[in-house]
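Source file: entry.txt (compact mmCIF, C-alpha atoms)
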# COMPACT_ATOMS: atom_id res chain seq x y z
CA MET T 28 25.95 23.86 -99.49
CA SER T 29 28.94 23.53 -97.15
CA PHE T 30 29.39 21.21 -94.16
CA ASN T 31 29.26 24.29 -91.91
CA ALA T 32 25.57 24.67 -92.75
CA LEU T 33 24.67 21.21 -91.40
CA GLY T 34 25.16 22.09 -87.74
CA LEU T 35 28.13 19.82 -87.01
CA SER T 36 30.60 20.63 -84.22
CA GLU T 37 33.86 22.49 -84.82
CA ALA T 38 35.85 19.34 -83.99
CA LEU T 39 34.05 17.40 -86.74
CA LEU T 40 34.39 20.26 -89.24
CA LYS T 41 38.12 20.29 -88.52
CA ALA T 42 38.35 16.54 -89.24
CA ILE T 43 36.29 16.93 -92.43
CA SER T 44 38.53 19.75 -93.62
CA LYS T 45 41.62 17.67 -92.89
CA LYS T 46 40.29 14.97 -95.24
CA GLY T 47 39.90 17.62 -97.92
CA TYR T 48 36.09 17.61 -98.14
CA THR T 49 34.23 20.90 -98.59
CA SER T 50 30.71 20.06 -99.72
CA PRO T 51 28.43 17.27 -98.48
CA SER T 52 27.13 14.69 -100.95
CA PRO T 53 23.36 14.46 -101.61
CA ILE T 54 22.87 11.60 -99.13
CA GLN T 55 24.81 13.55 -96.48
CA GLN T 56 22.71 16.66 -97.06
CA LYS T 57 19.50 14.67 -96.68
CA ALA T 58 20.45 12.28 -93.85
CA ILE T 59 22.55 14.36 -91.45
CA PRO T 60 19.91 16.98 -90.38
CA PRO T 61 17.20 14.47 -89.31
CA ILE T 62 19.79 12.30 -87.55
CA LEU T 63 21.03 15.33 -85.61
CA GLU T 64 17.41 15.96 -84.60
CA GLY T 65 17.35 12.49 -83.03
CA LYS T 66 14.96 10.98 -85.57
CA ASP T 67 15.08 7.44 -86.92
CA VAL T 68 16.17 7.35 -90.56
CA LEU T 69 15.67 4.88 -93.41
CA ALA T 70 18.10 5.79 -96.17
CA SER T 71 18.57 4.37 -99.66
CA ALA T 72 22.11 4.91 -100.95
CA GLN T 73 24.53 2.98 -103.12
CA THR T 74 28.10 2.39 -102.01
CA GLY T 75 30.22 5.32 -103.19
CA THR T 76 27.64 8.03 -102.43
CA GLY T 77 29.24 9.06 -99.13
CA LYS T 78 26.70 7.21 -97.02
CA THR T 79 29.22 6.20 -94.32
CA ALA T 80 29.90 9.83 -93.44
CA GLY T 81 26.15 10.36 -93.70
CA PHE T 82 25.62 8.43 -90.48
CA THR T 83 29.09 8.60 -88.89
CA LEU T 84 29.30 12.40 -88.65
CA PRO T 85 25.94 13.02 -86.93
CA LEU T 86 26.41 9.95 -84.72
CA LEU T 87 29.73 11.27 -83.43
CA HIS T 88 28.24 14.75 -82.98
CA ILE T 89 25.39 13.40 -80.84
CA LEU T 90 27.68 11.29 -78.66
CA SER T 91 30.16 14.12 -78.09
CA GLU T 92 27.42 16.64 -77.28
CA ASN T 93 25.84 14.27 -74.75
CA SER T 94 28.92 12.95 -72.97
CA GLN T 95 28.36 10.50 -70.12
CA GLU T 96 30.09 10.68 -66.76
CA ARG T 97 29.87 6.94 -66.18
CA ARG T 98 32.62 4.56 -67.26
CA ARG T 99 32.82 4.29 -71.03
CA ALA T 100 30.20 1.92 -72.39
CA ILE T 101 29.11 1.03 -75.91
CA ARG T 102 26.77 3.90 -76.77
CA ALA T 103 26.64 3.44 -80.54
CA LEU T 104 26.58 0.15 -82.44
CA ILE T 105 27.21 0.00 -86.19
CA LEU T 106 26.40 -3.39 -87.72
CA THR T 107 27.85 -4.33 -91.14
CA PRO T 108 27.55 -7.55 -93.17
CA THR T 109 31.24 -8.16 -93.96
CA ARG T 110 34.66 -7.86 -92.37
CA GLU T 111 35.99 -5.54 -95.07
CA LEU T 112 33.10 -3.13 -94.72
CA ALA T 113 33.41 -3.19 -90.93
CA ALA T 114 37.11 -2.29 -91.18
CA GLN T 115 36.38 0.56 -93.59
CA VAL T 116 33.55 2.00 -91.50
CA TYR T 117 35.80 1.86 -88.44
CA ALA T 118 38.54 3.70 -90.35
CA ASN T 119 36.02 6.46 -91.09
CA VAL T 120 34.91 6.63 -87.46
CA LYS T 121 38.55 6.98 -86.36
CA GLU T 122 39.28 9.72 -88.89
CA TYR T 123 36.20 11.81 -88.12
CA SER T 124 36.56 11.46 -84.32
CA GLU T 125 40.24 12.49 -84.31
CA PHE T 126 39.52 15.71 -82.40
CA LEU T 127 36.80 14.26 -80.13
CA ASP T 128 37.07 12.54 -76.77
CA LEU T 129 35.48 9.35 -78.07
CA ARG T 130 36.87 5.84 -78.33
CA SER T 131 35.93 3.26 -80.95
CA THR T 132 36.88 -0.20 -82.11
CA VAL T 133 35.87 -2.88 -84.61
CA ILE T 134 35.18 -6.59 -84.15
CA PHE T 135 34.68 -9.32 -86.76
CA GLY T 136 35.29 -13.02 -87.18
CA GLY T 137 38.20 -14.80 -88.80
CA VAL T 138 40.81 -13.33 -86.45
CA ASN T 139 41.84 -13.82 -82.82
CA GLN T 140 39.25 -12.32 -80.49
CA LYS T 141 41.69 -11.53 -77.64
CA PRO T 142 42.91 -8.13 -78.94
CA GLN T 143 39.29 -7.16 -79.67
CA VAL T 144 38.19 -8.12 -76.16
CA ALA T 145 41.13 -6.25 -74.58
CA THR T 146 40.13 -3.02 -76.36
CA ILE T 147 36.47 -3.38 -75.36
CA ARG T 148 37.44 -3.88 -71.72
CA GLN T 149 39.30 -0.56 -71.78
CA GLY T 150 35.99 1.07 -72.68
CA VAL T 151 34.65 2.17 -76.08
CA ASP T 152 31.88 4.55 -77.11
CA VAL T 153 31.41 3.33 -80.68
CA LEU T 154 31.50 -0.33 -81.72
CA VAL T 155 31.59 -1.40 -85.36
CA ALA T 156 30.79 -5.10 -85.71
CA THR T 157 29.67 -7.98 -87.85
CA PRO T 158 26.70 -9.84 -86.32
CA GLY T 159 28.37 -13.22 -85.77
CA ARG T 160 31.40 -12.04 -83.79
CA LEU T 161 29.23 -9.60 -81.83
CA LEU T 162 26.94 -12.40 -80.64
CA ASP T 163 29.92 -14.67 -79.94
CA LEU T 164 31.45 -12.13 -77.57
CA GLN T 165 28.11 -11.25 -75.99
CA ASN T 166 27.34 -14.91 -75.36
CA GLN T 167 30.70 -15.20 -73.59
CA GLY T 168 29.80 -12.25 -71.40
CA LEU T 169 32.63 -10.16 -72.87
CA LEU T 170 30.54 -7.16 -73.91
CA SER T 171 27.25 -5.49 -73.08
CA LEU T 172 24.80 -3.58 -75.27
CA LYS T 173 22.69 -2.30 -72.36
CA HIS T 174 23.74 1.33 -72.89
CA VAL T 175 23.39 1.59 -76.67
CA GLU T 176 21.79 4.90 -77.65
CA ILE T 177 22.20 4.71 -81.43
CA LEU T 178 21.99 1.65 -83.70
CA VAL T 179 23.11 1.71 -87.34
CA LEU T 180 22.37 -1.11 -89.78
CA ASP T 181 24.68 -0.52 -92.74
CA GLU T 182 23.93 -2.30 -96.03
CA ALA T 183 20.86 -3.86 -94.46
CA ASP T 184 19.81 -5.47 -97.75
CA ARG T 185 23.06 -7.43 -97.93
CA MET T 186 22.66 -8.54 -94.31
CA LEU T 187 19.30 -10.05 -95.23
CA ASP T 188 20.79 -11.67 -98.34
CA MET T 189 23.50 -13.25 -96.20
CA GLY T 190 21.01 -14.70 -93.73
CA PHE T 191 21.62 -12.41 -90.76
CA LEU T 192 17.94 -11.76 -90.00
CA ARG T 193 17.81 -14.02 -86.93
CA ASP T 194 21.07 -12.57 -85.62
CA ILE T 195 19.73 -9.04 -86.03
CA GLU T 196 16.57 -10.00 -84.14
CA ARG T 197 18.67 -11.43 -81.30
CA ILE T 198 20.83 -8.31 -81.14
CA MET T 199 17.73 -6.08 -80.95
CA LYS T 200 16.72 -7.80 -77.71
CA LEU T 201 20.09 -7.01 -76.11
CA MET T 202 19.69 -3.23 -76.40
CA PRO T 203 17.42 -0.66 -74.71
CA THR T 204 14.11 -0.27 -76.51
CA LYS T 205 14.50 3.50 -76.32
CA ARG T 206 17.23 4.35 -78.83
CA GLN T 207 17.78 6.03 -82.19
CA ASN T 208 17.83 3.70 -85.20
CA LEU T 209 19.41 4.33 -88.58
CA MET T 210 19.09 1.91 -91.50
CA PHE T 211 21.06 2.27 -94.74
CA SER T 212 20.30 0.06 -97.72
CA ALA T 213 20.97 0.09 -101.46
CA THR T 214 17.32 -0.75 -102.11
CA PHE T 215 13.92 -0.37 -100.45
CA SER T 216 12.83 -3.92 -101.16
CA LYS T 217 9.79 -5.55 -99.57
CA ASP T 218 12.01 -7.37 -97.07
CA ILE T 219 13.85 -4.17 -96.13
CA ARG T 220 10.56 -2.34 -95.55
CA LYS T 221 9.38 -5.22 -93.37
CA LEU T 222 12.59 -5.14 -91.33
CA ALA T 223 12.39 -1.36 -91.01
CA ASN T 224 8.81 -1.56 -89.73
CA GLY T 225 9.98 -3.79 -86.89
CA ILE T 226 12.95 -1.63 -85.90
CA LEU T 227 12.43 2.01 -86.87
CA ASN T 228 10.09 4.41 -85.09
CA HIS T 229 8.34 6.83 -87.50
CA PRO T 230 11.46 7.07 -89.66
CA VAL T 231 12.41 9.87 -92.02
CA ARG T 232 12.94 8.28 -95.43
CA VAL T 233 15.72 9.68 -97.60
CA GLU T 234 17.12 8.67 -100.98
CA ALA T 235 20.33 9.76 -102.68
CA THR T 236 19.34 8.48 -106.12
CA PRO T 237 16.25 6.76 -107.52
CA GLU T 238 16.00 3.17 -106.34
CA ASN T 239 18.02 0.62 -108.31
CA THR T 240 19.44 3.11 -110.81
CA THR T 241 23.02 2.83 -112.00
CA VAL T 242 25.58 5.62 -111.97
CA GLU T 243 25.36 7.69 -115.16
CA ALA T 244 29.15 7.97 -115.42
CA ILE T 245 29.47 4.19 -115.92
CA SER T 246 29.85 2.92 -119.49
CA GLN T 247 28.19 -0.50 -119.70
CA LYS T 248 28.93 -3.14 -122.33
CA VAL T 249 28.18 -6.82 -122.91
CA TYR T 250 30.46 -9.24 -124.76
CA ARG T 251 28.57 -12.28 -126.00
CA VAL T 252 30.98 -15.21 -125.81
CA ALA T 253 31.08 -18.99 -125.62
CA LYS T 254 31.33 -20.09 -122.01
CA GLY T 255 34.57 -21.99 -122.55
CA LEU T 256 36.24 -18.94 -124.11
CA LYS T 257 35.55 -16.48 -121.32
CA THR T 258 38.95 -16.88 -119.64
CA ASP T 259 40.86 -16.30 -122.88
CA LEU T 260 38.70 -13.29 -123.73
CA ILE T 261 39.11 -11.56 -120.36
CA ILE T 262 42.88 -12.04 -120.53
CA LYS T 263 42.89 -10.58 -124.06
CA LEU T 264 40.84 -7.53 -123.03
CA ILE T 265 43.03 -6.76 -120.02
CA SER T 266 46.28 -7.37 -121.90
CA ASP T 267 45.44 -5.63 -125.20
CA ASP T 268 44.23 -2.44 -123.50
CA ASN T 269 46.85 -2.65 -120.73
CA TRP T 270 44.29 -2.10 -117.96
CA LYS T 271 46.00 -1.49 -114.65
CA GLN T 272 43.22 -1.83 -112.09
CA VAL T 273 40.39 -4.28 -112.77
CA LEU T 274 37.87 -5.73 -110.33
CA VAL T 275 36.48 -9.04 -111.65
CA PHE T 276 33.41 -10.78 -110.25
CA THR T 277 32.80 -14.53 -110.27
CA ARG T 278 29.88 -16.45 -108.80
CA THR T 279 31.92 -18.94 -106.79
CA LYS T 280 35.07 -19.10 -104.65
CA HIS T 281 36.41 -21.97 -106.77
CA GLY T 282 35.81 -19.95 -109.92
CA ALA T 283 37.69 -16.98 -108.43
CA ASN T 284 40.71 -19.14 -107.58
CA LYS T 285 40.74 -20.83 -111.00
CA LEU T 286 40.50 -17.55 -112.92
CA CYS T 287 43.17 -15.96 -110.74
CA LYS T 288 45.63 -18.79 -111.49
CA LYS T 289 44.96 -18.51 -115.24
CA MET T 290 45.68 -14.78 -115.16
CA VAL T 291 48.91 -15.21 -113.23
CA SER T 292 49.99 -17.86 -115.77
CA ALA T 293 49.29 -15.30 -118.52
CA GLY T 294 51.58 -12.77 -116.86
CA ILE T 295 48.87 -10.66 -115.22
CA THR T 296 49.35 -9.99 -111.50
CA ALA T 297 46.13 -11.07 -109.82
CA ALA T 298 44.76 -11.97 -106.39
CA ALA T 299 41.51 -13.57 -105.25
CA ILE T 300 39.34 -12.41 -102.38
CA HIS T 301 36.55 -14.59 -100.98
CA GLY T 302 35.24 -16.28 -97.85
CA ASN T 303 37.74 -19.16 -97.84
CA LYS T 304 40.68 -16.75 -97.72
CA SER T 305 42.08 -15.83 -94.31
CA GLN T 306 41.54 -12.29 -93.14
CA GLY T 307 45.26 -11.66 -93.52
CA ALA T 308 45.23 -12.85 -97.13
CA ARG T 309 42.19 -10.73 -97.94
CA THR T 310 43.74 -7.62 -96.40
CA LYS T 311 47.00 -8.21 -98.28
CA ALA T 312 45.20 -8.73 -101.60
CA LEU T 313 43.16 -5.55 -101.19
CA ALA T 314 46.22 -3.52 -100.18
CA GLY T 315 48.14 -4.79 -103.23
CA PHE T 316 45.22 -3.92 -105.50
CA LYS T 317 44.95 -0.39 -104.13
CA SER T 318 48.71 0.20 -104.37
CA GLY T 319 48.90 -1.07 -107.95
CA SER T 320 51.16 -4.06 -107.32
CA VAL T 321 48.14 -6.28 -108.14
CA ARG T 322 46.44 -5.42 -111.45
CA VAL T 323 43.39 -7.67 -111.10
CA LEU T 324 41.32 -8.46 -108.01
CA VAL T 325 39.00 -11.44 -108.53
CA ALA T 326 36.17 -11.47 -106.02
CA THR T 327 32.85 -13.03 -105.09
CA ASP T 328 29.87 -10.77 -104.37
CA ILE T 329 29.91 -11.20 -100.60
CA ALA T 330 33.65 -10.58 -100.24
CA ALA T 331 33.54 -7.48 -102.42
CA ARG T 332 30.50 -5.82 -100.87
CA GLY T 333 31.48 -2.51 -99.33
CA LEU T 334 35.02 -2.41 -100.73
CA ASP T 335 36.16 1.20 -100.93
CA ILE T 336 38.46 1.48 -103.94
CA PRO T 337 38.78 5.13 -105.05
CA LEU T 338 38.62 5.91 -108.78
CA LEU T 339 38.36 2.27 -109.85
CA PRO T 340 38.27 2.40 -113.68
CA HIS T 341 37.14 -1.13 -114.66
CA VAL T 342 34.69 -3.74 -113.38
CA ILE T 343 34.22 -7.01 -115.26
CA ASN T 344 31.44 -9.49 -114.65
CA PHE T 345 33.14 -12.76 -115.59
CA GLU T 346 29.76 -14.30 -114.77
CA LEU T 347 26.50 -12.42 -114.40
CA PRO T 348 24.85 -12.60 -110.98
CA ASN T 349 21.53 -14.44 -110.84
CA ILE T 350 20.21 -11.69 -108.54
CA SER T 351 19.70 -8.58 -110.67
CA GLU T 352 20.31 -6.11 -107.84
CA ASP T 353 23.80 -7.58 -107.38
CA TYR T 354 24.69 -6.30 -110.85
CA VAL T 355 23.98 -2.75 -109.68
CA HIS T 356 26.12 -3.29 -106.57
CA ARG T 357 28.95 -4.74 -108.65
CA ILE T 358 29.22 -2.02 -111.28
CA GLY T 359 28.74 0.61 -108.58
CA ARG T 360 32.36 -0.02 -107.60
CA THR T 361 33.38 2.17 -110.56
CA GLY T 362 32.18 5.59 -111.70
CA ARG T 363 32.41 6.97 -108.17
CA ALA T 364 33.03 10.48 -106.87
CA GLY T 365 32.27 11.97 -110.29
CA ALA T 366 34.85 9.83 -112.10
CA SER T 367 34.06 7.83 -115.23
CA GLY T 368 34.16 4.05 -115.21
CA GLN T 369 33.63 1.03 -117.42
CA ALA T 370 31.56 -2.04 -116.60
CA ILE T 371 31.93 -5.06 -118.88
CA SER T 372 29.96 -8.31 -118.71
CA LEU T 373 30.99 -11.55 -120.40
CA VAL T 374 27.69 -13.26 -121.18
CA SER T 375 27.29 -16.86 -122.32
CA ALA T 376 24.10 -18.50 -123.58
CA ASP T 377 23.01 -19.79 -120.18
CA GLU T 378 23.09 -16.23 -118.78
CA THR T 379 20.59 -14.83 -121.28
CA THR T 380 17.77 -14.78 -118.74
CA PHE T 381 19.97 -13.05 -116.17
CA LEU T 382 20.90 -10.37 -118.73
CA ARG T 383 17.27 -9.76 -119.63
CA ASP T 384 16.35 -9.34 -115.94
CA ILE T 385 19.25 -6.94 -115.38
CA GLU T 386 18.28 -4.80 -118.38
CA LYS T 387 14.73 -4.63 -117.05
CA LEU T 388 16.02 -3.51 -113.66
CA VAL T 389 18.37 -0.79 -114.93
CA GLY T 390 15.88 0.34 -117.56
CA MET T 391 18.17 0.15 -120.58
CA LYS T 392 19.39 -2.15 -123.32
CA ILE T 393 23.08 -2.74 -122.69
CA PRO T 394 25.19 -2.52 -125.89
CA VAL T 395 26.46 -5.90 -127.14
CA GLU T 396 29.72 -6.70 -128.92
CA ILE T 397 31.23 -9.93 -130.25
CA VAL T 398 35.01 -10.31 -130.56
CA GLU T 399 36.24 -12.25 -133.57
CA GLY T 400 37.51 -15.65 -132.51
CA PHE T 401 35.44 -15.58 -129.31
CA GLU T 402 31.97 -15.94 -130.80
CA PRO T 403 29.12 -17.40 -128.73
CA ASP T 404 28.20 -21.06 -129.26
CA PRO T 405 25.00 -21.12 -131.39
CA ASN T 406 24.16 -24.61 -130.07
CA ALA T 407 24.58 -23.82 -126.37
CA SER T 408 21.56 -24.06 -124.09
CA THR T 409 19.99 -20.83 -122.86
CA VAL T 410 18.62 -22.61 -119.79
CA PRO T 411 20.08 -20.81 -116.74
CA ILE T 412 22.72 -22.82 -114.90
CA LYS T 413 21.80 -23.62 -111.31
CA PRO T 414 24.15 -22.87 -108.40
CA GLY T 415 26.68 -25.68 -108.13
CA GLN T 416 25.66 -27.25 -111.44
CA ASN T 417 28.20 -27.76 -114.24
CA ARG T 418 27.67 -27.60 -117.97
CA SER T 419 27.36 -31.35 -118.42
CA GLN T 420 24.32 -31.34 -116.11
CA ARG T 421 22.28 -29.04 -118.33
CA PRO T 422 20.35 -30.04 -121.43
CA ARG T 423 21.50 -28.54 -124.75
CA ASN T 424 19.13 -26.90 -127.19
CA ASN T 425 18.71 -30.17 -129.11
CA ASN T 426 16.90 -31.53 -126.03
CA LYS T 427 19.42 -34.32 -125.52
CA SER T 428 20.07 -34.72 -121.84
CA SER T 429 23.22 -35.97 -120.22
CA SER T 430 22.76 -38.88 -117.85
CA SER T 431 24.26 -36.73 -115.14
CA ASN T 432 21.30 -34.40 -115.54
CA ARG T 433 19.19 -37.02 -113.78
CA LYS T 434 21.45 -37.11 -110.77
CA ARG T 435 20.20 -35.45 -107.65
CA ASP T 436 21.61 -31.94 -107.24
CA ASN T 437 22.95 -31.70 -103.70
CA SER T 438 24.61 -28.34 -104.24
CA LYS T 439 23.96 -25.51 -101.83
CA LYS T 440 21.52 -22.86 -102.92
CA ARG T 441 22.02 -19.15 -102.31
CA PRO T 442 20.89 -18.56 -98.72
CA SER T 443 17.40 -17.18 -98.48
CA ARG T 444 16.65 -13.99 -96.64
CA GLN T 445 15.24 -16.07 -93.77
CA THR T 446 18.32 -18.27 -93.30
CA THR T 447 19.54 -18.54 -89.72
CA ARG T 448 23.10 -17.32 -89.21
CA THR T 449 25.01 -19.02 -86.40
CA SER T 450 28.73 -18.83 -87.20
CA SER T 451 30.99 -15.86 -86.41
CA ASP T 452 31.24 -14.62 -89.99
CA ARG T 453 33.92 -17.13 -90.88
CA ARG T 454 32.50 -17.74 -94.34
CA HIS T 455 32.59 -14.09 -95.29
Would it be possible to restate this file's structure as structure tokens?
Amino acid sequence: MSFNALGLSEALLKAISKKGYTSPSPIQQKAIPPILEGKDVLASAQTGTGKTAGFTLPLLHILSENSQERRRAIRALILTPTRELAAQVYANVKEYSEFLDLRSTVIFGGVNQKPQVATIRQGVDVLVATPGRLLDLQNQGLLSLKHVEILVLDEADRMLDMGFLRDIERIMKLMPTKRQNLMFSATFSKDIRKLANGILNHPVRVEATPENTTVEAISQKVYRVAKGLKTDLIIKLISDDNWKQVLVFTRTKHGANKLCKKMVSAGITAAAIHGNKSQGARTKALAGFKSGSVRVLVATDIAARGLDIPLLPHVINFELPNISEDYVHRIGRTGRAGASGQAISLVSADETTFLRDIEKLVGMKIPVEIVEGFEPDPNASTVPIKPGQNRSQRPRNNNKSSSSNRKRDNSKKRPSRQTTRTSSDRRH
């Protein structure tokens, strides 16, 4: 099938051709026709399947075919969970609307709002936004959503994970009840279905791949290793094989910074990307990684969600995520657009439960290797470490407990899907 068969305008086909695309991806083939028909759509698609064009192209077609004579107002709102994803979606909107008389902009927290406000005041048709900054500007009376015709929730599952549910509910009340709604999510979880039931009107449900499956082109491997030897092992793997572009995941911001410093000390160019980094630092790190001046990008899950890094060859889980679905999101950064990729996980004793849950989710036993000199500790506890807890706070297998294990754990837990979000995305 070619893009010509989907019913898109000549201006959009010209923009698509300019980007070098000839055939739509499966999610584009399935999502674009019902969207063009004005139907609500609930789509399941992993990052890297072409989902952004799956909603951007028909959205732009609809807006251009139904131009308004009134002063430009926000007619389409695309909500994303992170700044990086918002910037990338906006870049796609700009590219595909090059030959259309439509204006667009992006707003997110962590940067000065004045330039964003100035652009909105000039009039925009399409607004890409993160929930926090959107509500900040709306509360200040600096934008209106009264004329929104199309709403897109991109990576809706991650928005729930990050605690944006209340913000989404507030945003819903600011728009006309009569509008077209599009929801894209990596999974059709119970919470996503519940959210969809409250927003979508008789939606068409489409899926690019079976729910929660991993890309076949990705080679997965586990290295069993003692927790204290993980840093030395990851440096050895990257150095010995001379890997040039590696995305590494850690659970915490502190862990990302610490690992990044160790790599730099070992002569490996590396940069960290997480919520405590300024937007300028994050943009610079990502640009360096894409250009090749930075070999290793160390990231937390939230900061890395939605990153568009073409032909990324290697993803390493320095620590396994305690949410199994996050493993699928992480390794989905590689093996994209038909290219092969490698996903490696460094697994210590306390991550055994996480590994078992991940294998159950992906439906396969991941091959295990042990590198000589980096063997796992046979006496280490297999009790999963809690968020914010260090090794001394966990009992070992001999049932001897450290006195610190009795101390009250005041660490923050991963936000639940019901957590209220009030800040303007500054943490992400």
Between CA of Leu106 (chain T) and CA of Ile134 (chain T), what is the spacing in Å?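 Spanning CA of Ile134 (chain T) to CA of Leu106 (chain T) is a straight-line distance of 10.0 Å.
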Would you kindly return, as number ranges by chain, each protein, DNA or RNA residue with an atom no farther than 10 Å from any atom of Pro85 (chain T), considering all atoms listed in the file and excluding same-chain residues fewer than 3 positions away? T: 33-36, 39, 55, 58-65, 80-82, 88-91
What lies within 10 Å of Phe215 (chain T) using all atoms listed in the file, ignoring chain neighbours under 5 positions off, as a VMD selection string? chain T and resid 69 to 72 183 to 184 220 to 221 223 234 238 to 239
Which of T:Lys141, T:Arg110, T:Arg160, T:Lys57 sits closest to Ile329 (chain T) [using all atoms listed in the file]: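 Checking each candidate against Ile329 (chain T), we get T:Arg110 as the closest.
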So how far away is CA of Gly136 (chain T) from CA of Ser216 (chain T), in Å?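 Distance between the two atoms: 28.0 Å.
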So that I can check the surroundings of region 162-168 of chain T, please list as a compact mmCIF listing (two decimals) with C-alpha atoms, keeping the file's coordinate frame every protein, DNA and RNA residue that reaches within 10 Å of it, counting all atoms listed in the file and ignoring chain neighbours fewer than 5 positions away.
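Generated file (result.txt):
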# COMPACT_ATOMS: atom_id res chain seq x y z
CA ILE T 134 35.18 -6.59 -84.15
CA PHE T 135 34.68 -9.32 -86.76
CA GLY T 136 35.29 -13.02 -87.18
CA GLN T 140 39.25 -12.32 -80.49
CA GLN T 143 39.29 -7.16 -79.67
CA VAL T 144 38.19 -8.12 -76.16
CA ALA T 156 30.79 -5.10 -85.71
CA THR T 157 29.67 -7.98 -87.85
CA ASP T 194 21.07 -12.57 -85.62
CA ILE T 195 19.73 -9.04 -86.03
CA ARG T 197 18.67 -11.43 -81.30
CA ILE T 198 20.83 -8.31 -81.14
CA LEU T 201 20.09 -7.01 -76.11
CA THR T 449 25.01 -19.02 -86.40
CA SER T 450 28.73 -18.83 -87.20
CA SER T 451 30.99 -15.86 -86.41
